[in-house]
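Source file: start_37.cif; contents: mmCIF, C-alpha atoms.
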```cif
data_upload
loop_
_atom_site.label_atom_id
_atom_site.label_comp_id
_atom_site.auth_asym_id
_atom_site.auth_seq_id
_atom_site.Cartn_x
_atom_site.Cartn_y
_atom_site.Cartn_z
CA MET A 1 27.18 -6.02 -32.91
CA THR A 2 26.00 -3.15 -35.08
CA ALA A 3 27.04 0.44 -34.58
CA ALA A 4 23.65 1.31 -33.07
CA GLN A 5 23.93 -1.39 -30.45
CA THR A 6 27.32 -0.29 -29.25
CA THR A 7 25.77 2.90 -27.86
CA VAL A 8 23.85 0.83 -25.26
CA PRO A 9 26.20 -0.28 -22.47
CA THR A 10 24.73 -3.77 -22.29
CA THR A 11 27.12 -5.08 -19.66
CA ALA A 12 26.25 -2.27 -17.26
CA ALA A 13 22.52 -2.47 -18.02
CA LEU A 14 22.55 -6.19 -17.22
CA ALA A 15 24.56 -5.69 -14.04
CA LEU A 16 22.26 -3.02 -12.62
CA GLY A 17 19.11 -4.66 -13.98
CA ASP A 18 19.99 -8.03 -12.49
CA ASP A 19 20.77 -6.44 -9.11
CA ALA A 20 17.31 -4.88 -9.06
CA LEU A 21 15.52 -7.97 -10.36
CA VAL A 22 17.16 -10.45 -8.00
CA LEU A 23 16.77 -8.30 -4.90
CA SER A 24 13.17 -7.62 -5.88
CA HIS A 25 12.51 -11.35 -6.00
CA ARG A 26 14.22 -11.95 -2.66
CA LEU A 27 12.14 -9.23 -1.00
CA GLY A 28 9.00 -10.68 -2.58
CA GLU A 29 9.73 -13.92 -0.73
CA TRP A 30 8.76 -12.12 2.47
CA ALA A 31 5.14 -11.87 1.33
CA GLY A 32 3.12 -13.85 3.86
CA HIS A 33 6.10 -14.17 6.22
CA ALA A 34 7.04 -10.69 7.41
CA PRO A 35 6.96 -10.03 11.17
CA VAL A 36 4.17 -7.45 10.96
CA LEU A 37 1.73 -6.43 8.27
CA GLU A 38 3.29 -2.99 7.81
CA GLU A 39 6.66 -4.59 7.08
CA GLU A 40 5.13 -7.01 4.65
CA VAL A 41 3.69 -4.06 2.76
CA ALA A 42 6.92 -2.09 3.02
CA LEU A 43 9.11 -4.89 1.68
CA ALA A 44 6.64 -5.58 -1.14
CA ASN A 45 6.64 -1.88 -2.07
CA ILE A 46 10.44 -1.79 -2.13
CA ALA A 47 10.39 -4.94 -4.26
CA LEU A 48 7.98 -3.27 -6.66
CA ASP A 49 10.20 -0.20 -7.02
CA LEU A 50 13.15 -2.46 -7.79
CA LEU A 51 11.14 -4.49 -10.27
CA GLY A 52 10.21 -1.30 -12.11
CA GLN A 53 13.86 -0.31 -12.28
CA ALA A 54 14.80 -3.81 -13.46
CA ARG A 55 12.27 -3.64 -16.29
CA VAL A 56 13.71 -0.39 -17.62
CA LEU A 57 17.31 -1.59 -17.29
CA LEU A 58 16.79 -5.04 -18.79
CA SER A 59 14.81 -3.53 -21.66
CA MET A 60 17.91 -1.50 -22.48
CA ALA A 61 19.83 -4.77 -22.82
CA GLY A 62 17.23 -6.83 -24.69
CA ASP A 63 13.83 -8.44 -24.16
CA GLU A 64 13.01 -8.10 -20.47
CA ASP A 65 11.06 -11.34 -20.18
CA GLU A 66 13.61 -13.44 -22.03
CA LEU A 67 16.38 -11.99 -19.91
CA ALA A 68 14.54 -12.55 -16.65
CA TYR A 69 13.04 -15.95 -17.31
CA LEU A 70 15.19 -17.75 -19.84
CA ARG A 71 18.76 -17.12 -18.83
CA GLU A 72 20.81 -19.70 -16.99
CA GLU A 73 22.39 -18.92 -13.66
CA ARG A 74 25.82 -18.24 -15.17
CA ALA A 75 24.39 -15.54 -17.44
CA PHE A 76 23.17 -13.37 -14.54
CA ARG A 77 25.39 -10.45 -13.67
CA ASN A 78 24.03 -9.41 -10.28
CA LEU A 79 26.12 -8.90 -7.18
CA GLN A 80 26.34 -11.89 -4.90
CA LEU A 81 25.06 -9.68 -2.09
CA VAL A 82 21.56 -9.33 -3.52
CA GLU A 83 21.08 -13.06 -4.10
CA GLN A 84 21.83 -13.95 -0.47
CA PRO A 85 18.88 -15.66 1.23
CA ASN A 86 16.60 -13.51 3.35
CA GLY A 87 17.74 -15.16 6.58
CA ASP A 88 16.07 -13.66 9.62
CA PHE A 89 14.65 -10.14 9.46
CA ALA A 90 17.99 -8.67 10.59
CA HIS A 91 19.77 -10.30 7.64
CA THR A 92 17.26 -8.80 5.24
CA ILE A 93 17.73 -5.39 6.83
CA ALA A 94 21.54 -5.64 6.71
CA ARG A 95 21.33 -6.57 3.03
CA GLN A 96 18.99 -3.62 2.47
CA LEU A 97 21.27 -1.23 4.31
CA TYR A 98 24.38 -2.27 2.39
CA PHE A 99 22.71 -2.39 -1.00
CA SER A 100 20.42 0.62 -0.82
CA THR A 101 23.27 2.81 0.42
CA TYR A 102 25.32 1.68 -2.59
CA GLN A 103 22.42 2.03 -5.02
CA HIS A 104 21.60 5.51 -3.76
CA LEU A 105 25.19 6.69 -4.29
CA LEU A 106 25.32 5.00 -7.68
CA TYR A 107 22.07 6.45 -8.99
CA ALA A 108 22.89 9.90 -7.62
CA GLU A 109 26.14 9.87 -9.58
CA LEU A 110 24.52 8.53 -12.74
CA ALA A 111 21.67 11.05 -12.44
CA ALA A 112 24.17 13.90 -12.30
CA GLY A 113 25.73 12.82 -15.59
CA ASP A 114 24.34 12.76 -19.09
CA GLY A 115 24.80 9.09 -19.93
CA PRO A 116 22.20 6.53 -21.01
CA PHE A 117 21.30 5.70 -17.40
CA ALA A 118 20.69 9.30 -16.32
CA PRO A 119 16.89 9.45 -16.91
CA LEU A 120 16.21 6.25 -14.95
CA ALA A 121 18.72 7.15 -12.25
CA ALA A 122 17.17 10.57 -11.67
CA LYS A 123 13.85 8.90 -11.02
CA ALA A 124 15.07 5.86 -9.10
CA VAL A 125 17.35 7.81 -6.78
CA LYS A 126 14.25 9.32 -5.16
CA GLU A 127 12.69 5.90 -4.65
CA VAL A 128 15.90 4.40 -3.28
CA ALA A 129 16.20 7.26 -0.78
CA TYR A 130 13.11 5.80 0.91
CA HIS A 131 14.56 2.28 0.80
CA ARG A 132 17.76 3.49 2.43
CA ASP A 133 15.87 5.40 5.07
CA HIS A 134 13.76 2.32 5.83
CA ALA A 135 16.89 0.16 6.25
CA GLU A 136 18.62 2.76 8.39
CA GLN A 137 15.68 3.15 10.76
CA TRP A 138 15.40 -0.61 11.22
CA THR A 139 19.16 -0.99 11.76
CA LEU A 140 18.96 1.62 14.50
CA ARG A 141 15.94 0.03 16.10
CA LEU A 142 17.31 -3.51 16.04
CA GLY A 143 20.90 -2.61 16.91
CA ASP A 144 19.92 -0.28 19.73
CA GLY A 145 17.05 -2.53 20.85
CA THR A 146 16.97 -5.61 23.05
CA ASP A 147 19.96 -7.89 23.66
CA GLU A 148 18.41 -10.37 21.27
CA SER A 149 17.78 -7.87 18.46
CA HIS A 150 21.23 -6.32 18.95
CA GLU A 151 22.92 -9.70 18.68
CA ARG A 152 20.96 -10.70 15.61
CA MET A 153 21.63 -7.39 13.87
CA ARG A 154 25.34 -7.68 14.70
CA ARG A 155 25.48 -11.21 13.30
CA ALA A 156 23.70 -10.12 10.12
CA ALA A 157 25.93 -7.09 9.56
CA ASP A 158 28.98 -9.34 10.05
CA ALA A 159 27.74 -12.15 7.83
CA LEU A 160 27.11 -9.97 4.78
CA TRP A 161 30.16 -7.74 5.18
CA ARG A 162 32.36 -9.88 2.93
CA PHE A 163 29.92 -9.39 0.05
CA THR A 164 30.20 -5.61 0.08
CA GLY A 165 33.56 -5.18 -1.68
CA GLU A 166 32.12 -6.41 -4.96
CA MET A 167 29.89 -3.36 -5.30
CA PHE A 168 32.88 -1.15 -5.95
CA ARG A 169 34.63 -3.08 -8.70
CA PRO A 170 34.48 -1.22 -12.02
CA VAL A 171 31.73 -2.27 -14.42
CA ASP A 172 32.24 -1.88 -18.15
CA GLY A 173 30.11 0.98 -19.44
CA LEU A 174 29.33 2.44 -16.03
CA ASP A 175 30.71 5.95 -15.89
CA VAL A 176 31.18 6.35 -12.13
CA ASP A 177 34.03 6.68 -9.66
CA PRO A 178 34.03 3.39 -7.68
CA ALA A 179 36.71 4.51 -5.22
CA GLY A 180 34.88 7.71 -4.38
CA MET A 181 31.62 5.83 -4.02
CA GLU A 182 33.24 3.28 -1.75
CA ALA A 183 34.60 5.95 0.56
CA ALA A 184 31.17 7.58 0.78
CA TRP A 185 29.52 4.20 1.32
CA LEU A 186 31.87 3.30 4.16
CA GLU A 187 31.34 6.63 5.82
CA SER A 188 27.56 6.32 5.61
CA VAL A 189 27.35 2.69 6.73
CA GLU A 190 29.83 3.19 9.56
CA ASP A 191 27.78 6.12 10.79
CA VAL A 192 24.56 4.08 10.86
CA LEU A 193 26.21 1.12 12.59
CA ARG A 194 27.81 3.37 15.19
CA ARG A 195 24.50 5.06 15.98
CA ALA A 196 22.92 1.60 16.18
CA THR A 197 25.53 0.73 18.85
CA LEU A 198 26.85 -1.99 16.55
CA PRO A 199 30.55 -2.71 16.09
CA LEU A 200 31.97 -2.22 12.63
CA PRO A 201 32.45 -5.70 11.13
CA GLU A 202 36.12 -6.64 11.22
CA GLY A 203 36.34 -9.08 8.34
CA PRO A 204 37.85 -8.16 4.98
CA ARG A 205 35.73 -6.74 2.18
CA ALA A 206 38.15 -7.57 -0.61
CA GLY A 207 40.78 -10.24 -1.19
CA GLY A 208 41.05 -13.97 -0.75
CA TRP A 209 38.46 -14.65 1.91
CA THR A 210 35.75 -12.49 0.49
CA ALA A 211 33.00 -13.16 -1.99
CA GLY A 212 32.16 -11.41 -5.16
CA ALA A 213 32.27 -12.71 -8.68
CA GLY A 214 28.59 -12.24 -9.42
CA ARG A 215 29.37 -9.69 -12.12
CA GLN A 216 31.35 -12.45 -13.88
CA GLY A 217 28.42 -14.87 -13.62
CA LEU A 218 29.66 -16.85 -10.62
CA HIS A 219 26.97 -17.18 -8.01
CA THR A 220 26.44 -18.68 -4.57
CA GLU A 221 24.66 -21.92 -3.89
CA SER A 222 21.21 -20.61 -3.06
CA PHE A 223 20.91 -18.53 -6.23
CA GLY A 224 20.15 -21.52 -8.45
CA ARG A 225 17.23 -22.50 -6.26
CA MET A 226 15.92 -18.96 -6.28
CA LEU A 227 16.07 -18.85 -10.07
CA ALA A 228 14.36 -22.23 -10.35
CA GLU A 229 11.42 -20.83 -8.44
CA MET A 230 11.42 -17.51 -10.27
CA GLN A 231 11.61 -19.07 -13.73
CA HIS A 232 9.52 -22.19 -13.18
CA LEU A 233 6.18 -20.90 -14.40
CA HIS A 234 7.52 -19.22 -17.52
CA ARG A 235 9.60 -22.22 -18.51
CA SER A 236 6.79 -24.70 -17.85
CA HIS A 237 4.14 -22.68 -19.65
CA PRO A 238 5.89 -20.51 -22.27
CA GLY A 239 3.82 -17.47 -23.18
CA ALA A 240 1.32 -18.02 -20.38
CA THR A 241 -0.85 -15.00 -19.62
CA TRP A 242 -3.61 -14.22 -17.18
CA MET B 243 5.46 21.09 -19.71
CA VAL B 244 3.57 22.12 -22.82
CA THR B 245 5.77 23.11 -25.70
CA THR B 246 4.31 25.05 -28.62
CA ALA B 247 1.28 22.86 -29.15
CA THR B 248 -1.27 23.33 -31.89
CA PRO B 249 -4.91 23.95 -30.91
CA LEU B 250 -5.68 20.33 -31.81
CA GLU B 251 -2.83 19.08 -29.64
CA ALA B 252 -4.05 21.22 -26.76
CA GLU B 253 -7.54 19.80 -27.19
CA LEU B 254 -6.23 16.21 -27.28
CA LEU B 255 -4.04 16.90 -24.26
CA ASP B 256 -7.15 17.96 -22.37
CA ILE B 257 -8.90 14.75 -23.36
CA ALA B 258 -5.96 12.55 -22.38
CA GLY B 259 -5.58 14.52 -19.16
CA SER B 260 -9.25 14.10 -18.24
CA VAL B 261 -8.87 10.32 -17.96
CA PRO B 262 -9.26 9.29 -14.31
CA ASP B 263 -6.34 7.67 -12.50
CA PRO B 264 -7.07 3.92 -12.31
CA GLU B 265 -6.11 3.62 -8.66
CA LEU B 266 -7.24 7.01 -7.40
CA PRO B 267 -10.24 7.69 -9.63
CA VAL B 268 -10.99 10.99 -7.88
CA LEU B 269 -7.96 12.40 -9.67
CA THR B 270 -7.52 12.94 -13.37
CA LEU B 271 -4.20 12.19 -15.01
CA GLN B 272 -3.79 15.91 -15.61
CA GLU B 273 -4.25 16.64 -11.90
CA LEU B 274 -1.75 13.89 -11.09
CA GLY B 275 0.66 15.56 -13.50
CA VAL B 276 1.61 12.49 -15.50
CA VAL B 277 0.49 13.41 -19.03
CA ARG B 278 3.40 15.37 -20.42
CA ALA B 279 2.51 16.12 -24.04
CA VAL B 280 0.49 15.13 -27.06
CA HIS B 281 2.01 15.24 -30.53
CA VAL B 282 -0.15 14.94 -33.63
CA ARG B 283 1.80 12.98 -36.23
CA GLY B 284 -0.77 12.87 -39.04
CA THR B 285 -4.43 13.53 -39.68
CA ASP B 286 -5.53 10.86 -37.20
CA THR B 287 -2.29 9.65 -35.66
CA VAL B 288 -1.20 10.85 -32.26
CA GLU B 289 1.58 10.21 -29.77
CA VAL B 290 1.12 10.78 -26.04
CA GLU B 291 3.96 11.21 -23.54
CA LEU B 292 3.14 9.68 -20.18
CA THR B 293 5.42 9.59 -17.15
CA PRO B 294 5.10 7.06 -14.30
CA THR B 295 4.81 8.24 -10.70
CA TYR B 296 7.11 5.44 -9.50
CA THR B 297 9.27 3.46 -11.94
CA GLY B 298 7.47 0.27 -11.01
CA CYS B 299 3.97 1.74 -10.87
CA PRO B 300 1.70 -1.03 -12.20
CA ALA B 301 -1.05 1.47 -13.05
CA ILE B 302 0.87 2.78 -16.04
CA GLU B 303 -0.50 0.09 -18.36
CA ALA B 304 -4.09 0.77 -17.36
CA MET B 305 -3.46 4.50 -17.84
CA SER B 306 -2.10 3.90 -21.34
CA LEU B 307 -5.11 1.80 -22.34
CA ASP B 308 -7.55 4.38 -20.95
CA ILE B 309 -5.81 7.20 -22.82
CA GLU B 310 -5.89 5.18 -26.03
CA ARG B 311 -9.58 4.50 -25.58
CA ALA B 312 -10.39 8.16 -24.90
CA LEU B 313 -8.48 9.38 -27.96
CA HIS B 314 -9.89 6.65 -30.20
CA ALA B 315 -13.34 7.83 -29.16
CA HIS B 316 -12.31 11.31 -30.28
CA GLY B 317 -11.58 10.09 -33.79
CA MET B 318 -7.87 9.34 -33.51
CA ARG B 319 -7.20 6.12 -35.36
CA GLU B 320 -3.68 5.45 -34.22
CA VAL B 321 -2.68 6.32 -30.67
CA THR B 322 0.77 5.57 -29.28
CA VAL B 323 1.43 6.14 -25.59
CA ARG B 324 5.12 6.51 -24.89
CA THR B 325 6.55 6.31 -21.37
CA VAL B 326 9.04 9.05 -20.62
CA LEU B 327 11.20 9.14 -17.49
CA ARG B 328 12.83 12.52 -17.82
CA PRO B 329 12.30 14.86 -16.12
CA ALA B 330 11.43 12.60 -13.22
CA TRP B 331 7.89 12.98 -11.89
CA SER B 332 7.59 14.68 -8.53
CA THR B 333 4.67 15.05 -6.15
CA ASP B 334 5.08 18.77 -6.81
CA ASP B 335 3.54 17.99 -10.22
CA ILE B 336 0.18 17.29 -8.57
CA THR B 337 -2.02 20.33 -9.17
CA PRO B 338 -3.65 22.32 -6.33
CA GLU B 339 -7.01 20.97 -7.50
CA GLY B 340 -5.57 17.44 -7.31
CA ARG B 341 -4.38 18.06 -3.76
CA ARG B 342 -7.82 19.30 -2.74
CA LYS B 343 -9.47 16.20 -4.20
CA LEU B 344 -7.01 13.88 -2.46
CA ARG B 345 -7.81 15.50 0.88
CA GLU B 346 -11.54 15.16 0.26
CA PHE B 347 -10.99 11.51 -0.62
CA GLY B 348 -9.33 10.95 2.78
CA ILE B 349 -5.72 10.96 1.62
CA ALA B 350 -3.38 13.59 3.01
CA PRO B 351 -1.82 15.32 -0.01
CA PRO B 352 1.96 15.55 -0.37
CA ARG B 353 3.58 18.66 0.99
CA VAL B 354 5.24 20.92 -1.54
CA ARG B 355 8.98 20.60 -1.35
CA GLU B 356 12.05 21.76 -3.16
CA PRO B 357 14.71 19.15 -2.40
CA SER B 358 13.69 15.54 -2.95
CA GLY B 359 14.26 12.60 -0.69
CA PRO B 360 12.70 11.23 2.46
CA VAL B 361 11.93 13.33 5.48
CA ALA B 362 14.39 12.74 8.31
CA LEU B 363 12.80 10.73 11.09
CA THR B 364 13.71 8.83 14.21
CA LEU B 365 12.06 5.76 15.61
CA GLY B 366 10.40 5.65 18.98
CA ARG B 367 10.22 2.62 21.19
CA THR B 368 7.12 1.10 19.67
CA ARG B 369 6.37 3.06 16.57
CA THR B 370 7.75 5.61 14.23
CA LEU B 371 8.02 9.17 15.46
CA GLU B 372 9.18 12.22 13.62
CA THR B 373 11.58 14.58 15.25
CA THR B 374 11.13 18.28 15.40
CA THR B 375 14.85 18.77 15.97
CA GLY B 376 17.46 19.35 13.33
CA ASP B 377 16.20 20.66 10.03
CA PRO B 378 13.03 22.70 10.24
CA GLY B 379 11.57 20.24 7.74
CA PRO B 380 8.31 20.61 5.90
CA ASP B 381 4.94 21.44 7.40
CA PRO B 382 3.19 18.82 9.49
CA VAL B 383 0.97 16.31 7.72
CA LEU B 384 -2.61 17.27 8.50
CA CYS B 385 -5.27 14.65 9.17
CA PRO B 386 -7.59 14.63 6.14
CA HIS B 387 -10.53 13.78 8.39
CA CYS B 388 -10.35 16.32 11.22
CA GLY B 389 -7.53 18.62 10.10
CA SER B 390 -5.39 18.07 13.18
CA ALA B 391 -1.62 18.51 12.82
CA ASP B 392 -1.11 15.95 15.57
CA THR B 393 -0.48 12.89 13.40
CA GLU B 394 2.13 10.15 13.48
CA LEU B 395 3.77 7.87 10.97
CA LEU B 396 2.88 4.18 11.23
CA SER B 397 4.72 2.94 8.17
CA ARG B 398 6.68 4.55 5.35
CA PHE B 399 4.98 2.28 2.85
CA SER B 400 1.24 1.74 2.57
CA SER B 401 -1.27 0.19 0.15
CA THR B 402 0.70 1.52 -2.81
CA ALA B 403 4.30 2.64 -3.22
CA CYS B 404 3.27 6.29 -3.40
CA LYS B 405 1.62 6.37 0.02
CA ALA B 406 2.66 6.18 3.66
CA LEU B 407 0.40 5.04 6.48
CA ARG B 408 -0.30 7.51 9.28
CA ARG B 409 -2.62 7.89 12.23
CA CYS B 410 -4.30 10.94 13.65
CA LEU B 411 -3.75 11.34 17.38
CA ALA B 412 -6.73 13.69 17.70
CA CYS B 413 -9.52 11.71 16.02
CA ARG B 414 -7.62 8.38 16.15
CA GLU B 415 -8.36 7.58 12.51
CA PRO B 416 -5.66 5.98 10.38
CA PHE B 417 -5.13 7.54 6.97
CA ASP B 418 -2.96 7.35 3.89
CA HIS B 419 -0.49 10.12 3.10
CA PHE B 420 0.64 10.66 -0.47
CA LYS B 421 4.31 10.89 0.41
CA GLU B 422 6.64 13.42 -1.08
CA LEU B 423 8.76 12.23 -3.98
#
```
Same coordinates, now as structure tokens:
Amino acid sequence: MTAAQTTVPTTAALALGDDALVLSHRLGEWAGHAPVLEEEVALANIALDLLGQARVLLSMAGDEDELAYLREERAFRNLQLVEQPNGDFAHTIARQLYFSTYQHLLYAELAAGDGPFAPLAAKAVKEVAYHRDHAEQWTLRLGDGTDESHERMRRAADALWRFTGEMFRPVDGLDVDPAGMEAAWLESVEDVLRRATLPLPEGPRAGGWTAGAGRQGLHTESFGRMLAEMQHLHRSHPGATW
Amino acid sequence: MVTTATPLEAELLDIAGSVPDPELPVLTLQELGVVRAVHVRGTDTVEVELTPTYTGCPAIEAMSLDIERALHAHGMREVTVRTVLRPAWSTDDITPEGRRKLREFGIAPPRVREPSGPVALTLGRTRTLETTTGDPGPDPVLCPHCGSADTELLSRFSSTACKALRRCLACREPFDHFKEL
């Protein structure tokens, strides 16, 4: 590594870029399947925002297309949370609530600093504010809705809870305060769940029975299949354009 | 946004700024507030600073090509369009003339705001309603067709990332709202 390259925090750029890319792809999977047209458009718009952020972040780490389309599963550094399958709509909303709350806190902190991520973060934090608001409103509506929607939202919030501790492990090159962010995240998420009449999930968020080694390149079973679909065209037809 | 520009740079900035937005052709890029600066680097070499509305805005490539074409036509041999993120674009960067044109085009213009972030809302039983409680909040979004302030949010996201979908309760027409960012 040359002296010039050391100024770019590649590890952090890959971590944040992969989070945005992978979640963008997952949300794109809703196209043609969302419960109503407005939600289809909303999820696609959120996916597009994330894809834009991913392009900037991955370009800081190298060639965006090579990084997105030609890396093996073990080379991805995204959180395990964002690669989780869409599940039912409640699962997608729980994933959005957990991640967008984290991403909003993260970008707000990075935007306030003067590091290499500050310009992107200052822009993206405004976009993510809408994502977080969208997730919050749906959590409230589903949680405080019918018995069926309440139960599904509760199950989704529970199921993804064990993936949320990973967001607050330190990342090399990321100049933020994970403990402070985690406290703010918990406060915000607990507030939304309470207003949605949902119980706070009881399972652990860190320790033996939790998940979370995505930043080290260890991923869950469904991620390989997602990548196969995402990378198929580029690998089959290198350099294809239209 | 203009730093001490030479007369030539000011002229080229006007030309780059007069390019229509590819998705909202009623607006020029200057009215949208996305052309930040033009720097002349040689006799016929020029660099343009362009900022995206949203980070993932797919129109940015079409904008760059259109700017290049316009400046080539003005005798510039080498045109480089550079994307800049800082300071982040805001809907406050849309000029008053741009807002007027949006309204005429049937899109409710963004309200002028100081703090950024979404407007606080609560959901009704079947659709999205805004509250009038809590923070005074910004002015109501006026229907671009009939001017009524009695409008409601249908979806935070519409045909493009920069717009929300609303409906007028007076004339019953749906319309896009260029949402505040």
Taking all atoms of stretch 305-315 of chain B that appear in the file, build a box with edges along x, y and z, extend it by 4 Å on every side, and state its centre and edge lengths in Å to one decimal, as JSON.
```
{"center_x": -7.7, "center_y": 5.6, "center_z": -24.0, "size_x": 19.2, "size_y": 15.6, "size_z": 20.4}
```
Residues matched by the PyMOL selection byres ((chain A) within 7 of (chain B)) as JSON, numbers by chain: {"A": [38, 41, 42, 45, 48, 49, 51, 52, 53, 119, 120, 122, 123, 124, 126, 129, 130, 137, 141]}
Given the file shown, enumerate the residues that the PyMOL selection byres ((chain A and resi 88-102) around 8) captures and present them as JSON, numbers by chain. {"A": [34, 35, 81, 82, 86, 87, 103, 104, 105, 106, 128, 129, 131, 132, 135, 136, 138, 139, 142, 149, 152, 153, 156, 157, 160, 164, 167, 181, 185, 188, 189]}
Can you list, as a PyMOL selection string, the residues that the PyMOL selection byres ((chain B and resi 337) around 10) selects here? chain B and resi 269+272-275+333-336+338-343
Create the file for the chosen residues now, containing C-alpha atoms and written as a PDB file, in the frame of the given file.
```
ATOM      1  CA  LEU B 269      -7.960  12.400  -9.670  1.00  0.00           C
ATOM      2  CA  GLN B 272      -3.790  15.910 -15.610  1.00  0.00           C
ATOM      3  CA  GLU B 273      -4.250  16.640 -11.900  1.00  0.00           C
ATOM      4  CA  LEU B 274      -1.750  13.890 -11.090  1.00  0.00           C
ATOM      5  CA  GLY B 275       0.660  15.560 -13.500  1.00  0.00           C
ATOM      6  CA  THR B 333       4.670  15.050  -6.150  1.00  0.00           C
ATOM      7  CA  ASP B 334       5.080  18.770  -6.810  1.00  0.00           C
ATOM      8  CA  ASP B 335       3.540  17.990 -10.220  1.00  0.00           C
ATOM      9  CA  ILE B 336       0.180  17.290  -8.570  1.00  0.00           C
ATOM     10  CA  PRO B 338      -3.650  22.320  -6.330  1.00  0.00           C
ATOM     11  CA  GLU B 339      -7.010  20.970  -7.500  1.00  0.00           C
ATOM     12  CA  GLY B 340      -5.570  17.440  -7.310  1.00  0.00           C
ATOM     13  CA  ARG B 341      -4.380  18.060  -3.760  1.00  0.00           C
ATOM     14  CA  ARG B 342      -7.820  19.300  -2.740  1.00  0.00           C
ATOM     15  CA  LYS B 343      -9.470  16.200  -4.200  1.00  0.00           C
TER      16      LYS B 343
END
```
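Computed from the coordinates, the atom CA of A:Pro199 to atom CA of A:Glu187 distance equals 13.9 Å.
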Interatomic distance between atom CA of B:Val261 and atom CA of B:Ile302? 12.5 Å
Residues near B:Cys413, anyone? I mean within 9 Å using all atoms listed in the file, not counting same-chain ones fewer than 3 positions away, as a count of residues only. 7
Fewer than 5 positions away in the same chain doesn't count, so skip those; otherwise give me all residues within 9 Å of stretch 256-259 of chain B, counting only C-alpha atoms, as JSON, numbers by chain. {"B": [251, 270, 271, 272, 273, 274, 275, 276, 277, 280, 290, 308, 309, 310, 312, 313, 316]}
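Nearest residue to B:His419 among B:Met318, B:Asp263, B:Ile349, B:Asp381 is B:Ile349, counting only C-alpha atoms.
Atom pair atom CA of A:Gly62 / atom CA of A:Arg235: separated by 18.3 Å.
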